[in-house]
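I have placed the structure first, in the form of C-alpha coordinates, so that the comments after it can refer back to it.
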Amino acid sequence: MDATVATALAEGDFRTALEASVGGPPPVEALALERLGRIDEALALCDAYLATAPGDALALLVKSAVHARRGERMGALEAAQRLAEVSPDRAVAHQLVTSLGGGSFEAPLRGEVVTLFDAYADSFDAHLVEVLGYRGHEAVADALAAAGAGNPPGVIVDLGCGTGLCGPMLRPLARRLIGVDLSSGMLAAARMRGVYDALLEADLLYALATWPDASVDAFAAADVLGYIGALSGVFAEAARVLRPGGHFVFTVEATTKGAWRLGPSRRVAYTEPYVRETAAANGLVVRRHEAVTLRREERVGVAAWLTALERPA
(Lines give C-alpha, C1' and ligand atoms only; values in the text may rest on other atoms or scores of the structure.)
Protein backbone atom coordinates (compact mmCIF):
# COMPACT_ATOMS: atom_id res chain seq x y z
CA MET A 1 0.00 0.00 0.00
CA ASP A 2 1.28 3.47 -0.91
CA ALA A 3 2.67 5.32 2.12
CA THR A 4 0.44 8.37 1.59
CA VAL A 5 -2.67 6.20 1.39
CA ALA A 6 -1.64 4.17 4.44
CA THR A 7 -1.04 7.27 6.56
CA ALA A 8 -4.32 8.86 5.51
CA LEU A 9 -6.30 5.68 6.24
CA ALA A 10 -4.59 5.23 9.60
CA GLU A 11 -5.35 8.80 10.66
CA GLY A 12 -8.95 8.86 9.48
CA ASP A 13 -8.36 11.22 6.56
CA PHE A 14 -10.42 9.13 4.20
CA ARG A 15 -10.83 11.75 1.45
CA THR A 16 -7.07 12.10 1.08
CA ALA A 17 -6.79 8.30 1.11
CA LEU A 18 -9.25 8.06 -1.78
CA GLU A 19 -7.55 10.78 -3.82
CA ALA A 20 -4.16 9.12 -3.36
CA SER A 21 -5.46 5.62 -4.11
CA VAL A 22 -6.97 6.34 -7.52
CA GLY A 23 -4.96 4.51 -10.17
CA GLY A 24 -3.43 2.16 -7.62
CA PRO A 25 -4.57 -1.31 -6.53
CA PRO A 26 -8.39 -1.44 -6.83
CA PRO A 27 -8.91 -3.08 -3.40
CA VAL A 28 -7.16 -0.13 -1.72
CA GLU A 29 -9.35 2.35 -3.58
CA ALA A 30 -12.39 0.25 -2.62
CA LEU A 31 -11.32 0.40 1.03
CA ALA A 32 -11.10 4.19 0.88
CA LEU A 33 -14.54 4.35 -0.73
CA GLU A 34 -15.96 2.07 1.95
CA ARG A 35 -14.46 4.25 4.67
CA LEU A 36 -16.28 7.24 3.14
CA GLY A 37 -19.57 5.35 3.09
CA ARG A 38 -19.61 5.04 -0.71
CA ILE A 39 -20.33 1.37 -0.36
CA ASP A 40 -21.96 0.65 -3.72
CA GLU A 41 -18.90 1.98 -5.56
CA ALA A 42 -16.64 -0.01 -3.25
CA LEU A 43 -18.56 -3.21 -3.94
CA ALA A 44 -18.44 -2.71 -7.70
CA LEU A 45 -14.66 -2.26 -7.58
CA CYS A 46 -14.23 -5.37 -5.42
CA ASP A 47 -16.41 -7.52 -7.65
CA ALA A 48 -14.57 -6.42 -10.79
CA TYR A 49 -11.18 -7.08 -9.20
CA LEU A 50 -12.16 -10.42 -7.68
CA ALA A 51 -13.22 -11.62 -11.12
CA THR A 52 -9.52 -11.64 -12.04
CA ALA A 53 -7.97 -12.10 -8.58
CA PRO A 54 -10.48 -14.25 -6.66
CA GLY A 55 -8.17 -14.76 -3.69
CA ASP A 56 -7.35 -11.13 -2.87
CA ALA A 57 -7.76 -10.81 0.91
CA LEU A 58 -8.35 -7.06 1.06
CA ALA A 59 -11.00 -7.16 -1.66
CA LEU A 60 -12.76 -9.99 0.17
CA LEU A 61 -12.62 -8.07 3.46
CA VAL A 62 -14.13 -4.96 1.89
CA LYS A 63 -16.76 -6.97 0.02
CA SER A 64 -17.84 -8.72 3.21
CA ALA A 65 -18.05 -5.43 5.09
CA VAL A 66 -20.10 -3.73 2.38
CA HIS A 67 -22.61 -6.57 2.23
CA ALA A 68 -22.88 -6.47 6.02
CA ARG A 69 -23.53 -2.71 6.01
CA ARG A 70 -26.25 -3.24 3.40
CA GLY A 71 -27.89 -5.88 5.59
CA GLU A 72 -26.98 -8.67 3.18
CA ARG A 73 -25.77 -11.30 5.62
CA MET A 74 -25.34 -14.13 3.15
CA GLY A 75 -23.24 -12.01 0.79
CA ALA A 76 -21.11 -10.90 3.73
CA LEU A 77 -20.77 -14.48 4.96
CA GLU A 78 -19.78 -15.87 1.55
CA ALA A 79 -17.00 -13.30 1.19
CA ALA A 80 -15.80 -13.98 4.73
CA GLN A 81 -15.79 -17.73 4.12
CA ARG A 82 -13.70 -17.24 1.00
CA LEU A 83 -11.32 -15.04 3.01
CA ALA A 84 -10.94 -17.82 5.59
CA GLU A 85 -10.11 -20.25 2.78
CA VAL A 86 -7.35 -18.06 1.31
CA SER A 87 -6.05 -16.90 4.72
CA PRO A 88 -6.38 -20.02 6.88
CA ASP A 89 -3.79 -18.86 9.41
CA ARG A 90 -5.43 -15.49 10.02
CA ALA A 91 -7.64 -15.82 13.09
CA VAL A 92 -9.68 -12.71 12.32
CA ALA A 93 -10.90 -14.27 9.06
CA HIS A 94 -12.46 -17.22 10.87
CA GLN A 95 -13.96 -14.93 13.52
CA LEU A 96 -15.63 -12.82 10.85
CA VAL A 97 -17.24 -16.00 9.55
CA THR A 98 -18.61 -16.94 12.95
CA SER A 99 -19.78 -13.39 13.70
CA LEU A 100 -21.94 -13.61 10.57
CA GLY A 101 -23.48 -16.92 11.58
CA GLY A 102 -21.16 -19.25 9.71
CA GLY A 103 -19.85 -21.14 12.70
CA SER A 104 -20.76 -22.31 16.17
CA PHE A 105 -19.32 -20.30 19.03
CA GLU A 106 -20.87 -18.69 22.03
CA ALA A 107 -20.90 -14.96 21.32
CA PRO A 108 -23.55 -12.63 19.89
CA LEU A 109 -23.90 -12.46 16.12
CA ARG A 110 -23.09 -9.20 14.33
CA GLY A 111 -26.72 -8.49 13.42
CA GLU A 112 -27.80 -9.01 17.01
CA VAL A 113 -25.29 -6.43 18.24
CA VAL A 114 -26.26 -3.85 15.60
CA THR A 115 -29.96 -4.20 16.41
CA LEU A 116 -29.33 -3.95 20.15
CA PHE A 117 -27.24 -0.79 20.03
CA ASP A 118 -29.20 1.03 17.34
CA ALA A 119 -32.25 0.69 19.60
CA TYR A 120 -30.25 1.61 22.72
CA ALA A 121 -28.51 4.71 21.35
CA ASP A 122 -30.90 7.41 22.59
CA SER A 123 -30.96 6.19 26.20
CA PHE A 124 -27.48 4.63 26.35
CA ASP A 125 -25.59 7.25 28.36
CA ALA A 126 -28.27 7.87 30.96
CA HIS A 127 -28.96 4.18 31.53
CA LEU A 128 -25.35 3.03 31.58
CA VAL A 129 -23.87 5.78 33.70
CA GLU A 130 -26.73 6.92 35.92
CA VAL A 131 -28.62 3.64 36.39
CA LEU A 132 -25.85 1.03 36.15
CA GLY A 133 -23.10 3.20 37.60
CA TYR A 134 -20.80 2.45 34.67
CA ARG A 135 -17.20 3.70 34.95
CA GLY A 136 -15.39 1.69 32.29
CA HIS A 137 -14.76 4.69 30.09
CA GLU A 138 -12.99 6.50 32.93
CA ALA A 139 -10.93 3.43 33.83
CA VAL A 140 -9.72 2.90 30.25
CA ALA A 141 -8.80 6.55 29.68
CA ASP A 142 -6.99 6.76 33.03
CA ALA A 143 -5.08 3.55 32.30
CA LEU A 144 -4.01 4.78 28.87
CA ALA A 145 -2.73 8.01 30.37
CA ALA A 146 -0.88 6.09 33.08
CA ALA A 147 0.69 3.85 30.43
CA GLY A 148 2.16 6.89 28.70
CA ALA A 149 -0.28 7.32 25.81
CA GLY A 150 -0.38 10.97 24.86
CA ASN A 151 3.30 11.56 25.53
CA PRO A 152 3.56 12.73 22.82
CA PRO A 153 -0.03 12.74 21.47
CA GLY A 154 -0.51 10.25 18.63
CA VAL A 155 -3.16 8.30 16.78
CA ILE A 156 -5.68 6.78 19.20
CA VAL A 157 -8.51 4.51 18.07
CA ASP A 158 -11.57 4.13 20.29
CA LEU A 159 -12.84 0.65 19.42
CA GLY A 160 -16.56 0.22 20.03
CA CYS A 161 -16.80 3.92 20.81
CA GLY A 162 -20.58 3.84 21.14
CA THR A 163 -21.94 7.29 21.96
CA GLY A 164 -18.42 8.53 22.61
CA LEU A 165 -18.24 8.33 26.39
CA CYS A 166 -14.47 7.83 26.18
CA GLY A 167 -13.97 10.57 23.65
CA PRO A 168 -13.65 13.65 25.88
CA MET A 169 -11.14 11.87 28.12
CA LEU A 170 -9.11 10.48 25.22
CA ARG A 171 -9.04 13.77 23.32
CA PRO A 172 -6.21 15.35 25.36
CA LEU A 173 -4.04 12.28 24.71
CA ALA A 174 -4.52 12.22 20.95
CA ARG A 175 -3.21 14.04 17.93
CA ARG A 176 -5.82 12.15 15.90
CA LEU A 177 -8.77 10.47 17.62
CA ILE A 178 -10.82 7.95 15.63
CA GLY A 179 -13.97 6.21 16.81
CA VAL A 180 -15.15 2.85 15.47
CA ASP A 181 -18.59 1.34 16.02
CA LEU A 182 -20.93 -0.86 14.00
CA SER A 183 -24.08 0.97 15.16
CA SER A 184 -25.00 4.01 13.07
CA GLY A 185 -27.25 5.19 15.89
CA MET A 186 -24.39 5.16 18.36
CA LEU A 187 -22.10 6.95 15.91
CA ALA A 188 -24.67 9.70 15.42
CA ALA A 189 -24.56 10.35 19.17
CA ALA A 190 -20.74 10.23 19.19
CA ARG A 191 -20.63 12.75 16.35
CA MET A 192 -22.61 15.23 18.45
CA ARG A 193 -19.78 15.34 21.00
CA GLY A 194 -17.47 16.95 18.46
CA VAL A 195 -14.29 15.37 19.84
CA TYR A 196 -13.44 12.77 17.18
CA ASP A 197 -11.40 13.56 14.10
CA ALA A 198 -13.10 10.69 12.27
CA LEU A 199 -15.82 8.13 12.94
CA LEU A 200 -16.00 4.80 11.17
CA GLU A 201 -19.06 2.57 10.91
CA ALA A 202 -17.50 -0.86 11.00
CA ASP A 203 -17.31 -4.19 12.75
CA LEU A 204 -14.40 -4.07 15.17
CA LEU A 205 -12.76 -7.14 13.62
CA TYR A 206 -13.00 -5.72 10.11
CA ALA A 207 -11.68 -2.33 11.19
CA LEU A 208 -8.61 -3.91 12.77
CA ALA A 209 -8.04 -6.26 9.84
CA THR A 210 -7.97 -3.36 7.35
CA TRP A 211 -5.89 -0.86 9.36
CA PRO A 212 -2.38 -0.25 7.96
CA ASP A 213 0.61 -1.87 9.68
CA ALA A 214 2.36 -0.10 12.58
CA SER A 215 0.22 3.02 12.31
CA VAL A 216 -1.65 3.41 15.63
CA ASP A 217 -0.23 4.56 18.96
CA ALA A 218 -3.03 3.29 21.19
CA PHE A 219 -6.30 1.39 21.16
CA ALA A 220 -9.03 1.91 23.75
CA ALA A 221 -11.77 -0.71 24.06
CA ALA A 222 -14.14 -0.07 26.95
CA ASP A 223 -16.54 -2.96 27.56
CA VAL A 224 -16.73 -3.98 23.89
CA LEU A 225 -14.55 -7.09 23.43
CA GLY A 226 -17.18 -9.17 25.23
CA TYR A 227 -19.26 -9.02 22.04
CA ILE A 228 -16.41 -10.60 20.04
CA GLY A 229 -15.77 -13.97 21.69
CA ALA A 230 -12.26 -15.37 21.27
CA LEU A 231 -9.60 -12.67 21.55
CA SER A 232 -6.97 -14.25 19.29
CA GLY A 233 -8.00 -12.35 16.17
CA VAL A 234 -8.28 -9.02 18.00
CA PHE A 235 -4.88 -9.38 19.64
CA ALA A 236 -3.14 -10.54 16.46
CA GLU A 237 -4.44 -7.62 14.42
CA ALA A 238 -3.78 -5.12 17.21
CA ALA A 239 -0.18 -6.31 17.46
CA ARG A 240 0.22 -5.81 13.71
CA VAL A 241 -1.36 -2.34 13.70
CA LEU A 242 0.24 -0.87 16.82
CA ARG A 243 3.50 0.98 16.52
CA PRO A 244 6.35 -0.44 18.63
CA GLY A 245 5.71 0.74 22.17
CA GLY A 246 2.01 1.21 21.42
CA HIS A 247 -0.73 0.43 23.94
CA PHE A 248 -4.01 -1.50 23.97
CA VAL A 249 -6.17 -0.89 27.03
CA PHE A 250 -9.52 -2.62 27.49
CA THR A 251 -12.10 -3.83 29.96
CA VAL A 252 -13.96 -7.14 29.81
CA GLU A 253 -16.16 -9.09 32.16
CA ALA A 254 -14.34 -11.63 34.31
CA THR A 255 -14.95 -15.30 35.02
CA THR A 256 -12.97 -18.10 36.66
CA LYS A 257 -14.46 -20.91 34.56
CA GLY A 258 -12.78 -22.29 31.46
CA ALA A 259 -11.23 -19.80 29.03
CA TRP A 260 -14.21 -17.64 28.12
CA ARG A 261 -17.96 -18.09 28.19
CA LEU A 262 -21.15 -16.30 27.19
CA GLY A 263 -23.21 -15.16 30.17
CA PRO A 264 -26.91 -14.35 30.52
CA SER A 265 -26.09 -10.72 29.71
CA ARG A 266 -25.21 -11.83 26.15
CA ARG A 267 -21.64 -10.73 26.75
CA VAL A 268 -18.58 -12.94 26.97
CA ALA A 269 -16.53 -13.13 30.17
CA TYR A 270 -12.86 -14.18 30.25
CA THR A 271 -10.46 -15.82 32.68
CA GLU A 272 -7.16 -14.20 33.63
CA PRO A 273 -4.99 -17.04 32.23
CA TYR A 274 -6.81 -16.84 28.89
CA VAL A 275 -6.23 -13.10 28.56
CA ARG A 276 -2.56 -13.39 29.50
CA GLU A 277 -1.81 -16.43 27.36
CA THR A 278 -3.60 -15.09 24.29
CA ALA A 279 -1.81 -11.76 24.57
CA ALA A 280 1.58 -13.48 24.86
CA ALA A 281 0.84 -15.79 21.93
CA ASN A 282 0.31 -12.72 19.76
CA GLY A 283 3.39 -10.81 20.83
CA LEU A 284 1.74 -8.42 23.29
CA VAL A 285 3.07 -7.81 26.80
CA VAL A 286 0.69 -7.46 29.75
CA ARG A 287 1.69 -4.28 31.58
CA ARG A 288 -1.36 -4.13 33.83
CA HIS A 289 -4.12 -6.57 34.69
CA GLU A 290 -6.40 -6.03 37.64
CA ALA A 291 -9.84 -6.93 38.91
CA VAL A 292 -12.31 -4.04 38.84
CA THR A 293 -16.04 -3.43 39.20
CA LEU A 294 -17.25 -1.16 36.41
CA ARG A 295 -21.04 -1.31 36.68
CA ARG A 296 -23.97 -2.89 38.50
CA GLU A 297 -26.63 -5.30 37.32
CA GLU A 298 -29.62 -5.86 39.59
CA ARG A 299 -27.72 -3.88 42.24
CA VAL A 300 -24.80 -6.31 42.16
CA GLY A 301 -21.35 -5.29 40.94
CA VAL A 302 -20.19 -7.03 37.76
CA ALA A 303 -16.67 -8.48 38.06
CA ALA A 304 -14.35 -7.28 35.29
CA TRP A 305 -10.74 -7.02 34.21
CA LEU A 306 -8.91 -3.83 33.35
CA THR A 307 -5.97 -4.78 31.15
CA ALA A 308 -3.19 -2.78 29.52
CA LEU A 309 -1.15 -4.47 26.77
CA GLU A 310 1.88 -3.14 24.97
CA ARG A 311 3.55 -3.99 21.70
CA PRO A 312 7.22 -4.22 22.70
CA ALA A 313 9.47 -1.49 21.35
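Identifiers in this document derive from the order of the C-alpha coordinates: chains are assigned A, B, ..., residues are numbered from 1 separately in each chain, and ligands are numbered from 1 in order of occurrence.
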Between region 130-247 of chain A and region 21-39 of chain A, at 10 Å or less, what are the per-residue closest atom pairs and their distances in Å? Count only C-alpha atoms, order by chain and rising residue number, and return it as a Markdown table.
| residue | atom | partner | partner_atom | distance |
| --- | --- | --- | --- | --- |
| A:Leu199 | CA | A:Arg35 | CA | 9.2 |
| A:Leu200 | CA | A:Arg35 | CA | 6.7 |
| A:Glu201 | CA | A:Arg35 | CA | 7.9 |
| A:Ala202 | CA | A:Arg35 | CA | 8.7 |
| A:Ala207 | CA | A:Arg35 | CA | 9.7 |
| A:Thr210 | CA | A:Leu31 | CA | 8.1 |
Limited to N, CA and C atoms, could you put the picked residues into a file as an mmCIF file, in the first residue's frame?
data_model
loop_
_atom_site.group_PDB
_atom_site.id
_atom_site.type_symbol
_atom_site.label_atom_id
_atom_site.label_comp_id
_atom_site.auth_asym_id
_atom_site.auth_seq_id
_atom_site.Cartn_x
_atom_site.Cartn_y
_atom_site.Cartn_z
ATOM 1 N N LEU A 199 -15.000 9.210 12.406
ATOM 2 C CA LEU A 199 -15.818 8.130 12.939
ATOM 3 C C LEU A 199 -16.044 7.123 11.819
ATOM 4 N N LEU A 200 -15.933 5.864 12.156
ATOM 5 C CA LEU A 200 -16.003 4.798 11.166
ATOM 6 C C LEU A 200 -17.073 3.800 11.573
ATOM 7 N N GLU A 201 -18.042 3.590 10.681
ATOM 8 C CA GLU A 201 -19.065 2.573 10.913
ATOM 9 C C GLU A 201 -18.521 1.235 10.441
ATOM 10 N N ALA A 202 -18.148 0.400 11.377
ATOM 11 C CA ALA A 202 -17.500 -0.856 10.999
ATOM 12 C C ALA A 202 -17.519 -1.846 12.150
ATOM 13 N N ALA A 207 -12.465 -3.553 11.069
ATOM 14 C CA ALA A 207 -11.681 -2.327 11.185
ATOM 15 C C ALA A 207 -10.220 -2.646 11.483
ATOM 16 N N THR A 210 -8.239 -4.208 8.505
ATOM 17 C CA THR A 210 -7.966 -3.360 7.347
ATOM 18 C C THR A 210 -7.174 -2.108 7.714
#
For the alpha helix (DSSP H) assignment from backbone DSSP, which residues of region 81-312 of chain A qualify? Please present them as a PyMOL selection string. chain A and resi 81-86+91-99+110-120+124-125+136-147+167-170+184-193+204-209+232-241+272-281
I want to know what sits within 10 Å of Leu77 (chain A), based on only C-alpha atoms, with residues of the same chain fewer than 5 positions away left out; could you give that as a list in words?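 So, after excluding close chain neighbours, the residues are Lys63, Ser64, Ala65, His67, Ala68, Glu72, Arg82, Leu83, Leu96, Val97, Thr98, Ser99, Leu100, Gly101 and Gly102 of chain A.
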Residues of the last selection are to be written out with N, CA and C atoms, as a CSV table (one decimal), in the first residue's frame.
chain,number,residue,atom,x,y,z
A,63,LYS,N,-15.5,-6.5,0.5
A,63,LYS,CA,-16.8,-7.0,0.0
A,63,LYS,C,-17.6,-7.5,1.2
A,64,SER,N,-17.1,-8.2,2.1
A,64,SER,CA,-17.8,-8.7,3.2
A,64,SER,C,-18.4,-7.6,4.0
A,65,ALA,N,-17.6,-6.6,4.3
A,65,ALA,CA,-18.1,-5.4,5.1
A,65,ALA,C,-19.2,-4.7,4.4
A,67,HIS,N,-21.4,-5.8,2.2
A,67,HIS,CA,-22.6,-6.6,2.2
A,67,HIS,C,-23.2,-6.5,3.6
A,68,ALA,N,-22.4,-6.6,4.7
A,68,ALA,CA,-22.9,-6.5,6.0
A,68,ALA,C,-23.5,-5.1,6.3
A,72,GLU,N,-27.0,-7.5,4.0
A,72,GLU,CA,-27.0,-8.7,3.2
A,72,GLU,C,-26.1,-9.7,3.8
A,82,ARG,N,-14.8,-17.2,2.0
A,82,ARG,CA,-13.7,-17.2,1.0
A,82,ARG,C,-12.4,-16.7,1.6
A,83,LEU,N,-12.5,-15.6,2.4
A,83,LEU,CA,-11.3,-15.0,3.0
A,83,LEU,C,-10.7,-16.1,3.9
A,96,LEU,N,-14.6,-13.5,11.7
A,96,LEU,CA,-15.6,-12.8,10.9
A,96,LEU,C,-16.7,-13.8,10.4
A,97,VAL,N,-16.3,-15.0,10.0
A,97,VAL,CA,-17.2,-16.0,9.6
A,97,VAL,C,-18.2,-16.3,10.7
A,98,THR,N,-17.7,-16.6,11.9
A,98,THR,CA,-18.6,-16.9,13.0
A,98,THR,C,-19.5,-15.8,13.4
A,99,SER,N,-19.0,-14.5,13.3
A,99,SER,CA,-19.8,-13.4,13.7
A,99,SER,C,-21.0,-13.2,12.8
A,100,LEU,N,-20.9,-13.7,11.6
A,100,LEU,CA,-21.9,-13.6,10.6
A,100,LEU,C,-22.8,-14.8,10.5
A,101,GLY,N,-22.6,-15.8,11.5
A,101,GLY,CA,-23.5,-16.9,11.6
A,101,GLY,C,-23.0,-18.1,10.8
A,102,GLY,N,-21.7,-18.1,10.5
A,102,GLY,CA,-21.2,-19.3,9.7
A,102,GLY,C,-20.4,-20.3,10.5
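Using only C-alpha atoms, the shortest contact distance between Ala80 (chain A) and any of A:Val195, A:Val249, A:Ala3, A:Leu205 is found at A:Leu205.
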Within 10 Å of region 216-234 of chain A, which residues of region 3-46 of chain A show up? Give each one with its shortest atom-to-atom distance in Å (one decimal) and the two atoms involved, counting only C-alpha atoms, rows by chain then rising residue number, as a tab-separated table.
residue	atom	partner	partner_atom	distance
A:Thr7	CA	A:Val216	CA	9.9
A:Ala10	CA	A:Val216	CA	7.0
A:Glu11	CA	A:Val216	CA	8.2
In Å to one decimal, how far is CA of Leu208 (chain A) from CA of Ala143 (chain A)? 21.2 Å
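Ranking A:Ala145, A:Ala42, A:Ala214, A:Ala17 by their shortest atom-to-atom distance to Glu237 (chain A), with only C-alpha atoms included, puts A:Ala214 first.
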Any idea what the distance is between CA of Ala189 (chain A) and CA of Cys166 (chain A)?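 Atom-to-atom, CA of Ala189 (chain A) to CA of Cys166 (chain A), that is 12.5 Å.
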For CA of Val66 (chain A) and CA of Ala236 (chain A), the interatomic separation in Å (one decimal): 23.1 Å
Distance criterion (only C-alpha atoms): nearest to Gly154 (chain A) out of A:Glu310, A:Ser215, A:Asp142, A:Val180: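 Among the listed residues, the smallest separation from Gly154 (chain A) belongs to A:Ser215.
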Select from region 181-260 of chain A everything DSSP, run on the backbone, classes as strand (DSSP E or B), then give the selection as a PyMOL selection string. chain A and resi 181+198-201+216-222+242-254+260
Mind dumping the selected residues with N, CA and C atoms as a tab-separated table (two decimals), in the first residue's frame?
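Written out: out_39.tsv:
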chain	number	residue	atom	x	y	z
A	181	ASP	N	-17.44	2.05	15.46
A	181	ASP	CA	-18.59	1.34	16.02
A	181	ASP	C	-19.43	0.81	14.87
A	198	ALA	N	-12.42	11.52	13.25
A	198	ALA	CA	-13.10	10.69	12.27
A	198	ALA	C	-13.89	9.61	13.00
A	199	LEU	N	-15.00	9.21	12.41
A	199	LEU	CA	-15.82	8.13	12.94
A	199	LEU	C	-16.04	7.12	11.82
A	200	LEU	N	-15.93	5.86	12.16
A	200	LEU	CA	-16.00	4.80	11.17
A	200	LEU	C	-17.07	3.80	11.57
A	201	GLU	N	-18.04	3.59	10.68
A	201	GLU	CA	-19.06	2.57	10.91
A	201	GLU	C	-18.52	1.24	10.44
A	216	VAL	N	-0.82	2.92	14.52
A	216	VAL	CA	-1.65	3.41	15.63
A	216	VAL	C	-0.83	3.41	16.91
A	217	ASP	N	-0.98	4.46	17.70
A	217	ASP	CA	-0.23	4.56	18.96
A	217	ASP	C	-0.96	3.91	20.12
A	218	ALA	N	-2.30	3.89	20.08
A	218	ALA	CA	-3.03	3.29	21.19
A	218	ALA	C	-4.44	2.92	20.76
A	219	PHE	N	-4.91	1.81	21.29
A	219	PHE	CA	-6.30	1.39	21.16
A	219	PHE	C	-6.96	1.45	22.53
A	220	ALA	N	-8.19	1.97	22.56
A	220	ALA	CA	-9.03	1.91	23.75
A	220	ALA	C	-10.24	1.06	23.41
A	221	ALA	N	-10.62	0.16	24.31
A	221	ALA	CA	-11.77	-0.71	24.06
A	221	ALA	C	-12.51	-0.92	25.39
A	222	ALA	N	-13.42	-0.03	25.68
A	222	ALA	CA	-14.14	-0.07	26.95
A	222	ALA	C	-15.39	-0.93	26.82
A	242	LEU	N	-0.42	-1.77	15.87
A	242	LEU	CA	0.24	-0.87	16.82
A	242	LEU	C	1.68	-0.57	16.41
A	243	ARG	N	2.10	0.65	16.66
A	243	ARG	CA	3.50	0.98	16.52
A	243	ARG	C	4.27	0.34	17.67
A	244	PRO	N	5.55	0.06	17.50
A	244	PRO	CA	6.35	-0.44	18.63
A	244	PRO	C	6.23	0.50	19.83
A	245	GLY	N	5.94	-0.07	20.98
A	245	GLY	CA	5.71	0.74	22.17
A	245	GLY	C	4.27	1.20	22.32
A	246	GLY	N	3.41	0.80	21.37
A	246	GLY	CA	2.01	1.21	21.42
A	246	GLY	C	1.21	0.43	22.46
A	247	HIS	N	0.06	0.97	22.84
A	247	HIS	CA	-0.73	0.43	23.94
A	247	HIS	C	-2.13	-0.01	23.49
A	248	PHE	N	-2.64	-1.02	24.18
A	248	PHE	CA	-4.01	-1.50	23.97
A	248	PHE	C	-4.61	-1.70	25.35
A	249	VAL	N	-5.54	-0.82	25.71
A	249	VAL	CA	-6.17	-0.89	27.03
A	249	VAL	C	-7.65	-1.24	26.85
A	250	PHE	N	-8.13	-2.19	27.63
A	250	PHE	CA	-9.52	-2.62	27.49
A	250	PHE	C	-10.08	-3.11	28.81
A	251	THR	N	-11.41	-3.19	28.86
A	251	THR	CA	-12.10	-3.83	29.96
A	251	THR	C	-12.98	-4.94	29.40
A	252	VAL	N	-13.07	-6.03	30.15
A	252	VAL	CA	-13.96	-7.14	29.81
A	252	VAL	C	-14.52	-7.72	31.10
A	253	GLU	N	-15.63	-8.41	31.00
A	253	GLU	CA	-16.16	-9.09	32.16
A	253	GLU	C	-15.27	-10.28	32.52
A	254	ALA	N	-15.24	-10.60	33.80
A	254	ALA	CA	-14.34	-11.63	34.31
A	254	ALA	C	-15.09	-12.89	34.71
A	260	TRP	N	-13.24	-18.73	28.25
A	260	TRP	CA	-14.21	-17.64	28.12
A	260	TRP	C	-15.59	-18.26	27.90
Would you kindly return, as number ranges by chain, each protein, DNA or RNA residue with an atom no farther than 7 Å from any atom of Ala190 (chain A), considering only C-alpha atoms and excluding same-chain residues fewer than 2 positions away? A: 162-164, 186-188, 192-193
Give me the residues within 9 Å of Pro153 (chain A) as an MDAnalysis selection string, counting only C-alpha atoms and dropping any in the same chain fewer than 6 places off. chainID A and resid 172:176 217
